[in-house]
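Participant: Here it is, the structure, as structure tokens.
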Amino acid sequence: MFSARAIDTGMEGFRLWPGALSATAQSALLAGVLAAVEQSPFFRPVTPGGRPFSVEMTNLGPLGWVSDRAGYRYQPTHPETGAPWPSMPETLLTLWSDLTGWPEPPDACLVNLYRGEARMGLHQDRDEQDHSAPVLSVSLGDAAVFRIGAADGGPTRTVRLASGDVCALTGPARLARHGIDRVIAGSSTLVPGGGRLNLTLRRAR
């Protein structure tokens, strides 16, 4: 289904598997995600200060990450429909197991949709209870310019993430600062209507 050949990223704990998902696997995973989106539609969150995100998002799994004026948190239901989040496609669970080796399955998968000028500023994933558990990220659709730097500050660098690439924040890089500078529109035809889907698997609890 996928090729698990990690490359040396030059940053301890930041692992990257370019082209881990074949074209066929990407299409199958996308179909599963889009089917889930029909149950759990994309919404546009706001920061606690009330500023709208440039990305739209939804979630898969027992828990989903949300942001609104009440703060950042994980919850079991969609903030607009009140319905439970759909289950994760089996492909994601297999990727998590095979690539991270973590003994427990992910209990949250954040799905971000990037279109137009959407981006994500530098941030750290700190809302999870156990920061020793990895964060696994799957890219589908248009390529993105991913920026990453050490948790304690200092210089950052960029990595191009293409459709089918998988990366992980583990160990010393688990709390790395990271974000998306921009998405390269038209670099993929995978996602209907264009854009990029980023699937981020986590252990929230």
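Residue names in the structure tokens use chain letters A, B, ... in the order shown, residue numbers from 1 in each chain, and ligand numbers from 1 in the order shown.
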If you count only C-alpha atoms, which residues fall within 9 Å of Ser40 (chain A), apart from same-chain ones fewer than 4 positions away, as a list in words?
Facilitator: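 Those residues are Ala35, Ala36, Thr58, Asn59, Leu60, His78, Thr81, Ala83, Pro84, Trp85 and Pro86 of chain A.
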Participant: Would you save the residues from that selection as a short mmCIF file (atom, residue, chain, number, x, y, z; two decimals), in the first residue's frame, using N, CA and C atoms?
Facilitator:
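Result went into selection-v4.cif, see below:
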data_model
loop_
_atom_site.label_atom_id
_atom_site.label_comp_id
_atom_site.auth_asym_id
_atom_site.auth_seq_id
_atom_site.Cartn_x
_atom_site.Cartn_y
_atom_site.Cartn_z
N ALA A 35 -16.05 10.90 1.88
CA ALA A 35 -17.28 10.28 2.36
C ALA A 35 -17.55 10.70 3.81
N ALA A 36 -16.49 10.77 4.61
CA ALA A 36 -16.64 11.20 6.00
C ALA A 36 -17.06 12.66 6.08
N THR A 58 -12.23 19.74 9.64
CA THR A 58 -13.14 18.82 10.29
C THR A 58 -12.26 17.77 10.97
N ASN A 59 -12.87 16.73 11.53
CA ASN A 59 -12.10 15.73 12.26
C ASN A 59 -12.65 14.34 12.02
N LEU A 60 -11.80 13.35 12.29
CA LEU A 60 -12.16 11.94 12.23
C LEU A 60 -11.71 11.28 13.53
N HIS A 78 -18.97 17.33 16.55
CA HIS A 78 -18.82 18.44 15.61
C HIS A 78 -19.42 19.71 16.23
N THR A 81 -22.82 20.62 13.96
CA THR A 81 -23.90 19.64 13.83
C THR A 81 -24.22 18.93 15.14
N ALA A 83 -22.99 16.20 16.01
CA ALA A 83 -22.87 14.76 15.77
C ALA A 83 -21.45 14.28 16.09
N PRO A 84 -21.31 13.00 16.45
CA PRO A 84 -19.97 12.44 16.66
C PRO A 84 -19.16 12.51 15.36
N TRP A 85 -17.85 12.57 15.51
CA TRP A 85 -16.97 12.58 14.34
C TRP A 85 -17.00 11.20 13.68
N PRO A 86 -16.87 11.12 12.35
CA PRO A 86 -16.80 9.81 11.67
C PRO A 86 -15.51 9.06 12.06
#
Participant: At a cut-off of 8 Å, using only C-alpha atoms, what residues contact His178 (chain A)? Leave out same-chain residues fewer than 3 positions from it and give the result as number ranges by chain.
Facilitator: A: 121-124, 146-149
Participant: Report the residues of region 70-102 of chain A whose backbone DSSP state falls under strand (DSSP E), written as a list of chain:residue names.
Facilitator: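 In region 70-102 of chain A, DSSP puts these residues in strand (DSSP E): A:Gly71, A:Tyr72, A:Arg73, A:Tyr74, A:Gln75.
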Participant: Please identify all polymer residues within 7 Å of Val138 (chain A), counting only C-alpha atoms, omitting same-chain residues fewer than 5 positions from it, and present them as a PyMOL selection string.
Facilitator: chain A and resi 164-167+198-200
Participant: Take the selection from the previous step and output its residues with all heavy atoms, as a PDB file, in the first residue's frame.
Facilitator:
ATOM      1  N   GLY A 164       0.790  12.453  -1.055  1.00  0.00           N
ATOM      2  CA  GLY A 164       1.280  11.112  -0.742  1.00  0.00           C
ATOM      3  C   GLY A 164       2.431  11.083   0.230  1.00  0.00           C
ATOM      4  O   GLY A 164       2.815  10.006   0.705  1.00  0.00           O
ATOM      5  N   ASP A 165       2.995  12.252   0.565  1.00  0.00           N
ATOM      6  CA  ASP A 165       4.066  12.301   1.556  1.00  0.00           C
ATOM      7  C   ASP A 165       3.487  12.156   2.960  1.00  0.00           C
ATOM      8  O   ASP A 165       2.372  12.617   3.251  1.00  0.00           O
ATOM      9  CB  ASP A 165       4.831  13.622   1.483  1.00  0.00           C
ATOM     10  CG  ASP A 165       5.673  13.760   0.228  1.00  0.00           C
ATOM     11  OD1 ASP A 165       5.761  12.792  -0.548  1.00  0.00           O
ATOM     12  OD2 ASP A 165       6.253  14.850   0.027  1.00  0.00           O
ATOM     13  N   VAL A 166       4.261  11.535   3.839  1.00  0.00           N
ATOM     14  CA  VAL A 166       3.883  11.389   5.241  1.00  0.00           C
ATOM     15  C   VAL A 166       5.056  11.848   6.094  1.00  0.00           C
ATOM     16  O   VAL A 166       6.212  11.540   5.788  1.00  0.00           O
ATOM     17  CB  VAL A 166       3.533   9.922   5.570  1.00  0.00           C
ATOM     18  CG1 VAL A 166       3.199   9.765   7.054  1.00  0.00           C
ATOM     19  CG2 VAL A 166       2.375   9.431   4.712  1.00  0.00           C
ATOM     20  N   CYS A 167       4.772  12.587   7.145  1.00  0.00           N
ATOM     21  CA  CYS A 167       5.846  12.996   8.056  1.00  0.00           C
ATOM     22  C   CYS A 167       5.365  12.841   9.494  1.00  0.00           C
ATOM     23  O   CYS A 167       4.165  12.712   9.758  1.00  0.00           O
ATOM     24  CB  CYS A 167       6.321  14.421   7.782  1.00  0.00           C
ATOM     25  SG  CYS A 167       5.091  15.714   8.037  1.00  0.00           S
ATOM     26  N   ASN A 198      -4.731  18.011   4.566  1.00  0.00           N
ATOM     27  CA  ASN A 198      -3.717  17.534   5.498  1.00  0.00           C
ATOM     28  C   ASN A 198      -4.416  16.771   6.623  1.00  0.00           C
ATOM     29  O   ASN A 198      -5.322  17.301   7.269  1.00  0.00           O
ATOM     30  CB  ASN A 198      -2.915  18.705   6.068  1.00  0.00           C
ATOM     31  CG  ASN A 198      -1.844  18.260   7.036  1.00  0.00           C
ATOM     32  OD1 ASN A 198      -1.725  18.803   8.119  1.00  0.00           O
ATOM     33  ND2 ASN A 198      -1.055  17.260   6.662  1.00  0.00           N
ATOM     34  N   LEU A 199      -4.014  15.535   6.816  1.00  0.00           N
ATOM     35  CA  LEU A 199      -4.609  14.671   7.821  1.00  0.00           C
ATOM     36  C   LEU A 199      -3.584  14.479   8.937  1.00  0.00           C
ATOM     37  O   LEU A 199      -2.504  13.932   8.699  1.00  0.00           O
ATOM     38  CB  LEU A 199      -4.991  13.320   7.230  1.00  0.00           C
ATOM     39  CG  LEU A 199      -5.693  13.352   5.857  1.00  0.00           C
ATOM     40  CD1 LEU A 199      -5.870  11.941   5.318  1.00  0.00           C
ATOM     41  CD2 LEU A 199      -7.029  14.061   5.950  1.00  0.00           C
ATOM     42  N   THR A 200      -3.898  14.934  10.136  1.00  0.00           N
ATOM     43  CA  THR A 200      -2.944  14.894  11.232  1.00  0.00           C
ATOM     44  C   THR A 200      -3.460  13.982  12.336  1.00  0.00           C
ATOM     45  O   THR A 200      -4.448  14.299  12.999  1.00  0.00           O
ATOM     46  CB  THR A 200      -2.686  16.296  11.793  1.00  0.00           C
ATOM     47  OG1 THR A 200      -2.313  17.179  10.741  1.00  0.00           O
ATOM     48  CG2 THR A 200      -1.560  16.261  12.812  1.00  0.00           C
TER      49      THR A 200
END
Participant: I'd like to know which residues of region 62-170 of chain A are helix (DSSP H, G or I) (by DSSP, run on the backbone); could you write them as an MDAnalysis selection string?
Facilitator: chainID A and resid 90:100
Participant: So that I can see what lies close to Ala144 (chain A), please list as a count of residues only the residues with an atom at most 7 Å from it, counting only C-alpha atoms and leaving out residues fewer than 4 positions away in the same chain.
Facilitator: 7
Participant: Residues within 12 Å of Leu21 (chain A), please, as a VMD selection string. Count only C-alpha atoms; anything in the same chain fewer than 3 positions from it doesn't count.
Facilitator: chain A and resid 1 to 5 17 to 18 24 to 30 91 to 92 94 to 95 138 to 141 162 to 167
Participant: Of the candidates A:Ala143, A:Leu93, A:Val66, A:Leu110, which one gets nearest to Gly194 (chain A) if we count only C-alpha atoms?
Facilitator: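 Nearest to Gly194 (chain A): A:Ala143.
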